[in-house]
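J.: See protein.cif below, with mmCIF, C-alpha atoms and all ligand atoms.
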data_work
#
loop_
_atom_site.label_atom_id
_atom_site.label_comp_id
_atom_site.auth_asym_id
_atom_site.auth_seq_id
_atom_site.Cartn_x
_atom_site.Cartn_y
_atom_site.Cartn_z
CA MET A 207 -64.74 30.51 -54.61
CA ILE A 208 -64.83 27.36 -52.54
CA THR A 209 -66.04 24.09 -53.93
CA THR A 210 -66.21 21.22 -51.55
CA ILE A 211 -65.91 17.79 -52.97
CA ASN A 212 -66.87 15.06 -50.70
CA THR A 213 -64.81 12.10 -50.96
CA ASP A 214 -66.30 9.43 -48.92
CA THR A 215 -69.93 8.85 -49.41
CA VAL A 216 -70.89 10.11 -52.80
CA LYS A 217 -71.12 8.45 -56.14
CA PRO A 218 -69.77 9.80 -59.41
CA SER A 219 -72.05 12.03 -61.40
CA THR A 220 -73.47 13.84 -58.43
CA VAL A 221 -73.86 17.51 -59.34
CA ASN A 222 -71.13 19.74 -58.05
CA LYS A 223 -72.17 22.39 -55.68
CA SER A 224 -70.04 25.46 -55.31
CA ILE A 225 -70.19 27.54 -52.26
CA VAL A 226 -69.77 31.23 -52.44
CA ASN A 227 -69.43 33.65 -49.68
CA LYS A 228 -73.06 34.30 -49.06
CA GLY A 229 -75.00 31.58 -50.70
CA GLN A 230 -74.82 28.52 -52.82
CA VAL A 231 -74.52 28.13 -56.54
CA PHE A 232 -74.88 24.95 -58.51
CA LYS A 233 -72.53 24.44 -61.34
CA GLY A 234 -71.29 21.84 -63.73
CA SER A 235 -68.92 19.14 -62.75
CA ASN A 236 -65.89 20.18 -64.78
CA ASN A 237 -64.78 23.10 -62.74
CA HIS A 238 -61.47 21.65 -61.70
CA LEU A 239 -58.55 23.34 -63.25
CA ASN A 240 -56.22 21.02 -62.36
CA SER A 241 -53.30 19.27 -62.75
CA GLY A 242 -53.33 16.32 -60.54
CA GLU A 243 -52.81 12.79 -61.51
CA ASN A 244 -55.27 12.24 -64.32
CA ALA A 245 -57.22 15.29 -63.34
CA ASN A 246 -58.34 16.18 -66.82
CA GLU A 247 -59.52 12.74 -67.70
CA GLN A 248 -61.34 12.51 -64.48
CA ALA A 249 -63.29 15.70 -64.58
CA SER A 250 -66.35 13.96 -65.82
CA GLN A 251 -66.18 11.49 -63.02
CA ARG A 252 -65.78 14.00 -60.27
CA ALA A 253 -68.20 13.86 -57.47
CA SER A 254 -69.14 16.40 -54.94
CA ILE A 255 -71.27 16.43 -51.92
CA SER A 256 -73.85 18.91 -50.93
CA THR A 257 -73.08 20.93 -47.87
CA GLU A 258 -76.15 19.49 -46.16
CA SER A 259 -75.06 15.90 -46.41
CA SER A 260 -71.69 16.67 -44.89
CA ASN A 261 -73.33 18.53 -42.01
CA THR A 262 -71.77 21.70 -43.30
CA LYS A 263 -73.54 24.87 -44.29
CA VAL A 264 -72.07 27.90 -45.95
CA PRO A 265 -70.34 30.00 -43.31
CA ASN A 266 -70.08 33.73 -43.23
CA TYR A 267 -66.43 33.69 -44.31
CA SER A 268 -65.51 37.15 -43.17
CA LYS A 269 -66.98 36.56 -39.71
CA LEU A 270 -65.24 33.18 -39.58
CA ALA A 271 -61.92 34.85 -40.38
CA THR A 272 -62.45 37.56 -37.77
CA GLN A 273 -63.30 35.03 -35.08
CA LEU A 274 -60.42 32.66 -35.83
CA ASP A 275 -58.00 35.58 -36.17
CA ALA A 276 -59.11 36.72 -32.71
CA VAL A 277 -58.31 33.29 -31.23
CA LYS A 278 -54.90 33.43 -32.87
CA THR A 279 -54.15 36.97 -31.64
CA ASP A 280 -55.19 36.07 -28.13
CA ILE A 281 -53.02 32.96 -27.97
CA LYS A 282 -50.10 34.73 -29.66
CA SER A 283 -50.12 37.34 -26.91
CA LYS A 284 -49.55 34.57 -24.35
CA ILE A 285 -46.63 32.90 -26.13
CA GLY A 286 -43.37 33.38 -24.29
CA SER A 287 -41.09 31.93 -21.65
CA GLU A 288 -43.45 29.04 -20.82
CA ASP A 289 -43.36 27.85 -24.42
CA ALA A 290 -39.58 28.22 -24.62
CA ALA A 291 -39.16 26.25 -21.41
CA TYR A 292 -41.54 23.60 -22.73
CA ILE A 293 -39.68 22.94 -25.97
CA ARG A 294 -36.35 22.87 -24.13
CA ARG A 295 -37.81 20.31 -21.72
CA VAL A 296 -39.02 18.18 -24.63
CA ILE A 297 -35.57 18.35 -26.27
CA LEU A 298 -33.99 17.26 -22.97
CA ALA A 299 -36.47 14.39 -22.64
CA GLN A 300 -35.79 13.39 -26.25
CA ARG A 301 -32.04 13.24 -25.59
CA ALA A 302 -32.54 11.30 -22.37
CA CYS A 303 -34.73 8.77 -24.21
CA GLU A 304 -32.24 8.49 -27.06
CA TRP A 305 -29.19 7.82 -24.89
CA THR A 306 -31.08 5.55 -22.50
CA GLY A 307 -32.29 3.62 -25.52
CA ARG A 308 -28.87 3.34 -27.15
CA ILE A 309 -27.24 2.14 -23.91
CA LEU A 310 -29.98 -0.37 -23.06
CA LEU A 311 -29.78 -1.91 -26.52
CA MET A 312 -26.18 -2.93 -25.78
CA LEU A 313 -27.22 -4.47 -22.47
CA GLY A 314 -29.64 -6.77 -24.25
CA PHE A 315 -27.14 -9.61 -23.83
CA ILE A 316 -27.69 -9.51 -20.05
CA GLN A 317 -31.45 -9.49 -20.17
CA PRO A 318 -33.63 -9.34 -23.32
CA LEU A 319 -36.12 -7.14 -21.51
CA LEU A 320 -33.48 -4.41 -21.35
CA TRP A 321 -33.24 -4.60 -25.13
CA VAL A 322 -37.04 -4.24 -25.45
CA VAL A 323 -37.04 -1.20 -23.15
CA GLY A 324 -34.12 0.17 -25.15
CA VAL A 325 -36.03 -0.17 -28.41
CA LEU A 326 -39.10 1.54 -26.94
CA SER A 327 -36.96 4.32 -25.50
CA LEU A 328 -35.16 4.92 -28.80
CA ALA A 329 -38.44 4.80 -30.74
CA THR A 330 -39.90 7.37 -28.31
CA ALA A 331 -36.85 9.58 -28.88
CA LYS A 332 -37.29 9.37 -32.65
CA ILE A 333 -41.01 10.08 -32.38
CA LEU A 334 -40.41 13.13 -30.14
CA ASP A 335 -37.69 14.32 -32.51
CA ASN A 336 -39.84 13.98 -35.62
CA MET A 337 -43.20 15.09 -34.26
CA GLU A 338 -43.09 17.44 -31.27
CA ILE A 339 -39.68 18.91 -32.04
CA GLY A 340 -38.80 18.54 -35.74
CA HIS A 341 -42.17 19.11 -37.37
CA ASN A 342 -43.07 21.98 -35.08
CA VAL A 343 -39.70 23.72 -34.93
CA MET A 344 -39.36 23.47 -38.72
CA HIS A 345 -42.75 25.15 -39.04
CA GLY A 346 -41.14 28.17 -37.38
CA GLN A 347 -43.28 27.81 -34.25
CA TYR A 348 -40.30 28.70 -32.07
CA ASP A 349 -38.40 31.09 -34.34
CA TRP A 350 -39.33 33.99 -32.05
CA MET A 351 -36.98 32.50 -29.42
CA ASN A 352 -34.02 33.53 -31.60
CA ASP A 353 -32.28 30.37 -30.48
CA LYS A 354 -29.34 29.24 -32.59
CA HIS A 355 -30.55 25.64 -32.75
CA ILE A 356 -34.28 25.74 -32.09
CA ASN A 357 -35.35 27.44 -35.29
CA SER A 358 -36.79 26.52 -38.66
CA LYS A 359 -33.57 27.27 -40.56
CA ALA A 360 -31.17 25.32 -38.40
CA TYR A 361 -33.06 22.25 -37.25
CA GLU A 362 -32.28 18.96 -38.91
CA TRP A 363 -34.21 15.94 -37.75
CA ASP A 364 -33.54 12.25 -37.19
CA ILE A 365 -35.28 11.02 -40.33
CA ALA A 366 -34.23 10.18 -43.88
CA CYS A 367 -36.01 13.24 -45.31
CA ASP A 368 -33.83 16.30 -45.84
CA GLY A 369 -35.23 19.21 -43.80
CA SER A 370 -35.29 21.65 -46.71
CA SER A 371 -37.25 19.20 -48.87
CA TRP A 372 -39.76 18.91 -46.05
CA ASN A 373 -40.02 22.69 -45.89
CA ARG A 374 -40.90 22.87 -49.58
CA VAL A 375 -43.29 19.94 -49.76
CA HIS A 376 -44.92 20.05 -46.34
CA ASN A 377 -44.64 23.53 -44.89
CA TYR A 378 -45.32 25.31 -48.13
CA GLU A 379 -47.18 23.03 -50.51
CA HIS A 380 -49.24 20.84 -48.18
CA HIS A 381 -50.11 23.65 -45.79
CA THR A 382 -50.94 26.14 -48.53
CA TYR A 383 -52.90 23.86 -50.85
CA THR A 384 -54.32 21.49 -48.25
CA ASN A 385 -56.52 18.86 -49.92
CA ILE A 386 -56.70 20.68 -53.24
CA ILE A 387 -56.63 17.83 -55.68
CA GLY A 388 -53.56 18.00 -57.87
CA LYS A 389 -51.86 20.69 -55.80
CA ASP A 390 -51.49 18.99 -52.44
CA ARG A 391 -49.42 15.93 -53.24
CA ASP A 392 -49.90 14.69 -49.69
CA PHE A 393 -53.44 13.67 -50.55
CA GLY A 394 -52.88 9.96 -51.14
CA TYR A 395 -49.14 10.59 -51.73
CA GLY A 396 -49.60 9.74 -55.41
CA LEU A 397 -49.96 6.11 -54.33
CA LEU A 398 -53.40 5.75 -52.84
CA ARG A 399 -56.79 6.56 -54.30
CA LEU A 400 -58.73 8.14 -51.45
CA SER A 401 -61.56 9.87 -53.26
CA ASN A 402 -63.54 9.89 -56.47
CA ASP A 403 -61.35 12.76 -57.65
CA PHE A 404 -59.01 10.13 -59.01
CA ARG A 405 -59.75 7.69 -61.75
CA TRP A 406 -59.82 4.11 -60.55
CA ARG A 407 -56.98 1.93 -61.74
CA VAL A 408 -56.35 -1.79 -61.34
CA LYS A 409 -53.44 -1.10 -58.96
CA ASN A 410 -55.96 0.41 -56.53
CA LEU A 411 -57.29 -3.09 -55.86
CA TRP A 412 -54.23 -3.83 -53.73
CA GLN A 413 -53.75 -0.34 -52.35
CA PHE A 414 -54.30 -1.62 -48.81
CA ILE A 415 -51.03 -3.52 -49.16
CA THR A 416 -49.45 -0.41 -50.69
CA TYR A 417 -50.65 1.51 -47.64
CA VAL A 418 -49.10 -1.01 -45.22
CA MET A 419 -45.82 -0.88 -47.13
CA LEU A 420 -45.86 2.90 -47.15
CA SER A 421 -46.38 2.91 -43.37
CA VAL A 422 -43.53 0.48 -42.79
CA MET A 423 -41.18 2.53 -44.97
CA PHE A 424 -42.70 5.88 -44.07
CA GLN A 425 -39.50 7.87 -43.53
CA TRP A 426 -38.30 6.82 -46.99
CA GLY A 427 -41.68 7.65 -48.49
CA VAL A 428 -41.48 11.14 -46.99
CA SER A 429 -37.91 11.47 -48.18
CA TYR A 430 -38.69 10.32 -51.73
CA HIS A 431 -41.92 12.34 -51.94
CA GLU A 432 -40.51 15.43 -53.65
CA MET A 433 -38.43 13.42 -56.11
CA ALA A 434 -41.42 11.28 -57.03
CA ALA A 435 -43.46 14.38 -57.72
CA GLU A 436 -40.65 15.92 -59.76
CA ARG A 437 -40.36 12.63 -61.68
CA VAL A 438 -36.63 12.52 -61.01
CA PHE A 439 -36.28 8.84 -61.80
CA PHE A 440 -39.52 7.70 -63.40
CA GLY A 441 -42.29 9.12 -65.52
CA LYS A 442 -42.95 12.29 -67.39
CA LYS A 443 -42.82 15.62 -65.65
CA LYS A 444 -46.06 17.56 -65.30
CA ASP A 445 -46.20 20.70 -67.45
CA ASN A 446 -47.51 22.85 -64.64
CA ARG A 447 -44.69 22.18 -62.23
CA LYS A 448 -41.82 24.57 -61.68
CA ASN A 449 -38.66 23.04 -60.35
CA GLN A 450 -37.29 24.73 -57.30
CA LEU A 451 -34.16 22.65 -57.41
CA SER A 452 -32.46 20.79 -60.22
CA HIS A 453 -32.85 17.03 -60.37
CA ALA A 454 -29.14 16.67 -59.66
CA GLU A 455 -29.47 18.73 -56.48
CA LEU A 456 -32.56 16.81 -55.34
CA LYS A 457 -30.71 13.53 -55.86
CA ARG A 458 -27.64 14.79 -54.03
CA ARG A 459 -29.67 15.83 -51.00
CA PHE A 460 -31.78 12.66 -51.00
CA PHE A 461 -28.76 10.38 -51.06
CA SER A 462 -26.63 12.40 -48.67
CA LYS A 463 -29.30 12.65 -45.95
CA GLY A 464 -30.44 9.06 -46.51
CA ALA A 465 -26.88 7.75 -46.35
CA ARG A 466 -26.18 9.72 -43.18
CA GLN A 467 -29.17 8.10 -41.48
CA LEU A 468 -28.25 4.61 -42.69
CA VAL A 469 -24.63 4.96 -41.58
CA LYS A 470 -25.63 6.32 -38.17
CA ASP A 471 -28.18 3.61 -37.32
CA TYR A 472 -26.76 0.59 -39.12
CA VAL A 473 -22.99 1.09 -39.21
CA LEU A 474 -21.68 3.68 -36.73
CA PHE A 475 -23.66 2.86 -33.57
CA PRO A 476 -23.57 -0.92 -34.12
CA LEU A 477 -19.78 -0.76 -34.64
CA LEU A 478 -19.37 1.35 -31.49
CA ALA A 479 -21.15 -1.44 -29.63
CA GLY A 480 -18.39 -3.88 -30.66
CA PRO A 481 -19.47 -7.41 -29.79
CA PHE A 482 -23.06 -6.22 -29.35
CA PHE A 483 -23.24 -5.10 -32.97
CA LEU A 484 -26.34 -7.15 -33.75
CA TYR A 485 -28.25 -6.04 -30.66
CA VAL A 486 -27.78 -2.43 -31.67
CA PHE A 487 -28.35 -3.01 -35.39
CA THR A 488 -31.67 -4.82 -34.88
CA GLY A 489 -32.71 -2.45 -32.09
CA ASN A 490 -32.25 0.54 -34.39
CA LEU A 491 -34.15 -1.25 -37.14
CA VAL A 492 -37.15 -1.95 -34.87
CA ALA A 493 -37.07 1.58 -33.37
CA ASN A 494 -37.17 3.07 -36.87
CA LEU A 495 -40.02 0.76 -37.80
CA LEU A 496 -42.07 1.72 -34.72
CA ARG A 497 -41.49 5.41 -35.45
CA ASN A 498 -42.56 4.92 -39.08
CA LEU A 499 -45.78 3.13 -38.12
CA TRP A 500 -46.65 5.69 -35.47
CA THR A 501 -46.02 8.79 -37.56
CA SER A 502 -47.82 7.48 -40.63
CA THR A 503 -50.82 6.41 -38.54
CA ILE A 504 -51.13 9.80 -36.87
CA ILE A 505 -50.73 11.65 -40.15
CA PHE A 506 -53.30 9.46 -41.91
CA CYS A 507 -55.74 10.06 -39.04
CA GLY A 508 -55.22 13.79 -39.50
CA HIS A 509 -56.09 13.90 -43.19
CA PHE A 510 -57.73 10.77 -44.51
CA THR A 511 -60.62 10.01 -42.19
CA GLY A 512 -63.93 9.46 -43.95
CA ASP A 513 -65.34 12.95 -43.41
CA VAL A 514 -62.31 14.88 -44.57
CA GLN A 515 -63.14 16.80 -47.73
CA THR A 516 -61.22 17.62 -50.86
CA PHE A 517 -61.33 20.82 -52.90
CA SER A 518 -60.89 21.82 -56.49
CA ALA A 519 -57.87 23.66 -57.86
CA GLU A 520 -59.73 26.89 -58.42
CA ASP A 521 -60.27 27.20 -54.68
CA CYS A 522 -56.91 28.82 -54.24
CA ILE A 523 -57.68 31.52 -56.76
CA ASP A 524 -58.66 34.70 -54.94
CA GLU A 525 -59.31 32.71 -51.80
CA THR A 526 -60.12 34.94 -48.84
CA GLN A 527 -58.73 34.34 -45.36
CA GLY A 528 -62.11 32.97 -44.27
CA GLN A 529 -62.27 30.56 -47.19
CA TRP A 530 -58.74 29.45 -46.47
CA TYR A 531 -59.66 28.74 -42.83
CA TYR A 532 -62.75 26.87 -44.03
CA ARG A 533 -60.72 24.62 -46.33
CA GLN A 534 -58.07 23.97 -43.69
CA GLY A 535 -60.75 23.12 -41.14
CA LEU A 536 -62.68 20.70 -43.33
CA GLY A 537 -59.52 19.18 -44.79
CA SER A 538 -58.25 17.97 -41.41
CA SER A 539 -59.36 15.76 -38.54
CA ASN A 540 -58.45 15.50 -34.86
CA ILE A 541 -57.85 12.61 -32.50
CA LYS A 542 -58.98 12.73 -28.88
CA GLY A 543 -56.53 11.53 -26.25
CA GLY A 544 -54.59 12.24 -23.06
CA LYS A 545 -51.67 14.60 -22.49
CA LEU A 546 -48.91 12.10 -23.27
CA PHE A 547 -50.71 10.97 -26.41
CA HIS A 548 -50.88 14.57 -27.66
CA VAL A 549 -47.17 15.11 -26.97
CA LEU A 550 -46.26 11.92 -28.84
CA THR A 551 -48.29 13.04 -31.83
CA GLY A 552 -46.49 16.38 -31.78
CA HIS A 553 -49.98 17.76 -31.05
CA LEU A 554 -50.94 16.73 -34.57
CA SER A 555 -53.85 15.08 -32.81
CA PHE A 556 -55.06 18.69 -33.13
CA GLN A 557 -54.58 18.62 -36.88
CA ILE A 558 -57.47 21.07 -37.40
CA GLU A 559 -55.86 23.67 -35.16
CA HIS A 560 -52.45 22.93 -36.67
CA HIS A 561 -53.79 23.63 -40.15
CA LEU A 562 -55.55 26.80 -39.04
CA PHE A 563 -52.54 28.08 -37.11
CA PRO A 564 -49.41 26.26 -38.34
CA ASP A 565 -46.96 28.73 -36.80
CA ILE A 566 -48.42 28.76 -33.28
CA PRO A 567 -46.49 26.49 -30.86
CA ALA A 568 -48.37 23.20 -31.08
CA ARG A 569 -48.71 22.79 -27.32
CA ARG A 570 -51.18 25.70 -27.48
CA TYR A 571 -53.62 23.87 -29.78
CA LYS A 572 -55.27 22.14 -26.84
CA GLU A 573 -56.45 25.43 -25.34
CA MET A 574 -57.47 26.74 -28.75
CA ALA A 575 -59.50 23.66 -29.65
CA PRO A 576 -62.70 24.32 -27.63
CA ARG A 577 -62.86 27.86 -29.03
CA VAL A 578 -62.31 26.65 -32.58
CA GLN A 579 -64.94 23.95 -32.13
CA ALA A 580 -67.47 26.52 -30.87
CA ILE A 581 -66.77 28.77 -33.87
CA PHE A 582 -67.17 25.84 -36.29
CA LYS A 583 -70.45 24.97 -34.60
CA GLU A 584 -71.73 28.51 -34.96
CA HIS A 585 -71.00 28.37 -38.70
CA GLY A 586 -72.45 24.90 -39.13
CA MET A 587 -69.03 23.48 -39.99
CA HIS A 588 -68.22 19.89 -39.18
CA TYR A 589 -65.52 19.64 -36.50
CA ASN A 590 -64.05 16.25 -37.31
CA THR A 591 -62.82 14.60 -34.12
CA GLY A 592 -63.01 11.25 -32.35
CA GLY A 593 -61.05 8.69 -30.39
CA PHE A 594 -58.00 7.07 -31.96
CA PHE A 595 -59.72 3.79 -32.86
CA LYS A 596 -62.73 5.50 -34.39
CA GLN A 597 -60.57 7.79 -36.51
CA TYR A 598 -58.15 5.08 -37.53
CA ALA A 599 -60.96 2.68 -38.46
CA SER A 600 -62.40 5.46 -40.60
CA VAL A 601 -59.05 5.83 -42.41
CA LEU A 602 -58.78 2.10 -43.07
CA LYS A 603 -62.36 2.04 -44.35
CA ARG A 604 -61.59 4.88 -46.74
CA ILE A 605 -58.51 3.11 -48.11
CA VAL A 606 -60.55 -0.05 -48.69
CA ARG A 607 -63.58 1.81 -50.07
CA TYR A 608 -61.59 3.55 -52.80
CA SER A 609 -59.75 0.36 -53.72
CA PHE A 610 -62.83 -0.28 -55.79
CA PRO A 611 -64.33 1.79 -58.58
ZN ZN B 1 -47.55 20.66 -40.58
#
How does the structure come out when it is put into structure tokens?
Ligand SMILES: [Zn+2]

T.:
Amino acid sequence: MITTINTDTVKPSTVNKSIVNKGQVFKGSNNHLNSGENANEQASQRASISTESSNTKVPNYSKLATQLDAVKTDIKSKIGSEDAAYIRRVILAQRACEWTGRILLMLGFIQPLLWVVGVLSLATAKILDNMEIGHNVMHGQYDWMNDKHINSKAYEWDIACDGSSWNRVHNYEHHTYTNIIGKDRDFGYGLLRLSNDFRWRVKNLWQFITYVMLSVMFQWGVSYHEMAAERVFFGKKKDNRKNQLSHAELKRRFFSKGARQLVKDYVLFPLLAGPFFLYVFTGNLVANLLRNLWTSTIIFCGHFTGDVQTFSAEDCIDETQGQWYYRQGLGSSNIKGGKLFHVLTGHLSFQIEHHLFPDIPARRYKEMAPRVQAIFKEHGMHYNTGGFFKQYASVLKRIVRYSFP
């Protein structure tokens, strides 16, 4: 059973409306099983939105599944050498950007502009590595190539987060339980209150500053995410959580990957530059910062725009394929843009398509999008898309809105 909970426009105490496969049923407001931060205490405060007010009617879930499955099957049949050549080209471009960047940083003493171009080039390399290559390869989008390096098991990216931790928290948890309050820890990252599903606390008053800090330190936030949820250092562990790894192992991986990144960017490469140590050190620092700001912005635009909906924990019980598609579709939002923009977002500007088809090579989302949008329209589902500034403004508004009770 799917229960949509609107998160942006409604006030507490609105009656929950559950949606079932072929009709609508009203029910009480304490139908959330869950588990999330304060979930039990908050049940009485939960708010939901009617399907009408979110421009969404109840779809025919089995037809929705058949139609979206057909899009997937069609695109899957086309995947092949073109896609393999594409990802190899992107990897080549990423390496070219990285080495150009690292060399230009050292030449900053001749002309500061060279240093600036170096920073931008290195930041581009890190963005390509994290978004178009790392995120997508680690999703298994290119596993069919049977390439020794370009596969979800072998790839390790240029970011503080250990790849296997990402696989557990992002690929499995976030993609399976997308926007289910208490199950998808990506919703607000345990730091931000982005819907009425969470009880307001005084710390939410300054959550805009928390958001800015999270963006600046994003790679460390992503890296620490699993440990925070497992309460490795602080707080009491949730009863409903099963550890996949021991705390000792989580710590070991966190520190070993984090240290490797720190040594590479702030010790090894600066030392290799000899007298240009500081040029390289600061260049790496700014490149990492730019990558952090870019990736967090794109990810926030994909999940926290005003119209993105949340769901209750019971949604994943006996969820059909159609209901799963429905939740993924309404729990994500797209950003319109040009070809280069899409590449630099790792095609996560097509977050809706990514969530519907996470294992399809992301470059294919663009051709899937018009078909997905037409299917959503037929079912009266809101296809959440807009230009970058519109979507980003909507995210910022949501962060500010839920700063207050
Ligand atoms: Zn993903």

J.: Around all of range 318-334 of chain A's listed atoms, make the axis-aligned box with 5 Å on each side and tell me centre and edge lengths in Å to one decimal, as lines of an AutoDock Vina configuration file.

T.:
center_x = -37.1
center_y = 1.9
center_z = -27.0
size_x = 17.8
size_y = 32.5
size_z = 21.3

J.: Counting only C-alpha atoms and all ligand atoms, what are the residues of chain A within 8 Å of ligand ZN 1 (chain B), and for each of them which pair of atoms is the nearest and at what distance in Å, to one decimal? Sort the table by chain and rising number, as CSV.

T.:
residue,atom,partner,partner_atom,distance
A:His341,CA,B:ZN1,ZN,6.5
A:Asn342,CA,B:ZN1,ZN,7.2
A:His345,CA,B:ZN1,ZN,6.8
A:His376,CA,B:ZN1,ZN,6.4
A:Asn377,CA,B:ZN1,ZN,5.9
A:His380,CA,B:ZN1,ZN,7.8
A:His381,CA,B:ZN1,ZN,6.5
A:Leu554,CA,B:ZN1,ZN,7.9
A:His560,CA,B:ZN1,ZN,6.7
A:His561,CA,B:ZN1,ZN,6.9
A:Pro564,CA,B:ZN1,ZN,6.3

J.: Between CA of Ile558 in chain A and CA of Val264 in chain A, what is the distance in Å, rounded to a tenth?

T.: 18.2 Å

J.: Hey, can you pull every residue with an atom no more than 10 Å from (-25.7, -5.1, -29.7), using all atoms listed in the file, and send it as a ChimeraX atom specification?

T.: /A:308-315,321,475-490

J.: Please indicate the distance in Å from CA of Lys359 in chain A to CA of Asn373 in chain A, rounded to one decimal place.

T.: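 Interatomic distance, CA of Lys359 in chain A to CA of Asn373 in chain A: 9.5 Å.
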
J.: I'd like to know which of A:Ala580, A:Ala331, A:Ile365, A:Ala290 is closest to Ala465 in chain A, using only C-alpha atoms.

T.: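 Of the candidates, the smallest distance to Ala465 in chain A is held by A:Ile365.
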
J.: Model the absent atoms of range 412-430 of chain A so that N, CA and C atoms are present, and write the result as a PDB file, keeping the file's coordinate frame.

T.:
ATOM      1  N   TRP A 412     -55.126  -3.408 -54.826  1.00  0.00           N
ATOM      2  CA  TRP A 412     -54.230  -3.830 -53.730  1.00  0.00           C
ATOM      3  C   TRP A 412     -53.626  -2.628 -52.994  1.00  0.00           C
ATOM      4  N   GLN A 413     -54.349  -1.511 -53.011  1.00  0.00           N
ATOM      5  CA  GLN A 413     -53.750  -0.340 -52.350  1.00  0.00           C
ATOM      6  C   GLN A 413     -53.690  -0.473 -50.830  1.00  0.00           C
ATOM      7  N   PHE A 414     -54.428  -1.432 -50.253  1.00  0.00           N
ATOM      8  CA  PHE A 414     -54.300  -1.620 -48.810  1.00  0.00           C
ATOM      9  C   PHE A 414     -52.885  -2.123 -48.495  1.00  0.00           C
ATOM     10  N   ILE A 415     -52.397  -3.007 -49.353  1.00  0.00           N
ATOM     11  CA  ILE A 415     -51.030  -3.520 -49.160  1.00  0.00           C
ATOM     12  C   ILE A 415     -50.032  -2.390 -49.409  1.00  0.00           C
ATOM     13  N   THR A 416     -50.317  -1.565 -50.427  1.00  0.00           N
ATOM     14  CA  THR A 416     -49.450  -0.410 -50.690  1.00  0.00           C
ATOM     15  C   THR A 416     -49.392   0.483 -49.455  1.00  0.00           C
ATOM     16  N   TYR A 417     -50.577   0.678 -48.837  1.00  0.00           N
ATOM     17  CA  TYR A 417     -50.650   1.510 -47.640  1.00  0.00           C
ATOM     18  C   TYR A 417     -49.775   0.935 -46.512  1.00  0.00           C
ATOM     19  N   VAL A 418     -49.884  -0.385 -46.292  1.00  0.00           N
ATOM     20  CA  VAL A 418     -49.100  -1.010 -45.220  1.00  0.00           C
ATOM     21  C   VAL A 418     -47.601  -0.846 -45.513  1.00  0.00           C
ATOM     22  N   MET A 419     -47.236  -1.039 -46.765  1.00  0.00           N
ATOM     23  CA  MET A 419     -45.820  -0.880 -47.130  1.00  0.00           C
ATOM     24  C   MET A 419     -45.350   0.556 -46.950  1.00  0.00           C
ATOM     25  N   LEU A 420     -46.212   1.484 -47.324  1.00  0.00           N
ATOM     26  CA  LEU A 420     -45.860   2.900 -47.150  1.00  0.00           C
ATOM     27  C   LEU A 420     -45.649   3.212 -45.666  1.00  0.00           C
ATOM     28  N   SER A 421     -46.509   2.664 -44.816  1.00  0.00           N
ATOM     29  CA  SER A 421     -46.380   2.910 -43.370  1.00  0.00           C
ATOM     30  C   SER A 421     -45.082   2.338 -42.824  1.00  0.00           C
ATOM     31  N   VAL A 422     -44.755   1.126 -43.268  1.00  0.00           N
ATOM     32  CA  VAL A 422     -43.530   0.480 -42.790  1.00  0.00           C
ATOM     33  C   VAL A 422     -42.295   1.277 -43.215  1.00  0.00           C
ATOM     34  N   MET A 423     -42.345   1.807 -44.423  1.00  0.00           N
ATOM     35  CA  MET A 423     -41.180   2.530 -44.970  1.00  0.00           C
ATOM     36  C   MET A 423     -41.399   4.041 -44.906  1.00  0.00           C
ATOM     37  N   PHE A 424     -42.201   4.507 -43.980  1.00  0.00           N
ATOM     38  CA  PHE A 424     -42.700   5.880 -44.070  1.00  0.00           C
ATOM     39  C   PHE A 424     -41.615   6.948 -44.208  1.00  0.00           C
ATOM     40  N   GLN A 425     -40.526   6.809 -43.447  1.00  0.00           N
ATOM     41  CA  GLN A 425     -39.500   7.870 -43.530  1.00  0.00           C
ATOM     42  C   GLN A 425     -38.912   7.958 -44.944  1.00  0.00           C
ATOM     43  N   TRP A 426     -38.842   6.806 -45.637  1.00  0.00           N
ATOM     44  CA  TRP A 426     -38.300   6.820 -46.990  1.00  0.00           C
ATOM     45  C   TRP A 426     -39.337   7.358 -47.973  1.00  0.00           C
ATOM     46  N   GLY A 427     -40.608   7.093 -47.664  1.00  0.00           N
ATOM     47  CA  GLY A 427     -41.680   7.650 -48.490  1.00  0.00           C
ATOM     48  C   GLY A 427     -41.664   9.174 -48.426  1.00  0.00           C
ATOM     49  N   VAL A 428     -41.519   9.694 -47.190  1.00  0.00           N
ATOM     50  CA  VAL A 428     -41.480  11.140 -46.990  1.00  0.00           C
ATOM     51  C   VAL A 428     -40.257  11.730 -47.706  1.00  0.00           C
ATOM     52  N   SER A 429     -39.151  11.004 -47.591  1.00  0.00           N
ATOM     53  CA  SER A 429     -37.910  11.470 -48.180  1.00  0.00           C
ATOM     54  C   SER A 429     -37.962  11.476 -49.720  1.00  0.00           C
ATOM     55  N   TYR A 430     -38.634  10.467 -50.270  1.00  0.00           N
ATOM     56  CA  TYR A 430     -38.690  10.320 -51.730  1.00  0.00           C
ATOM     57  C   TYR A 430     -39.812  11.158 -52.354  1.00  0.00           C
TER      58      TYR A 430
END
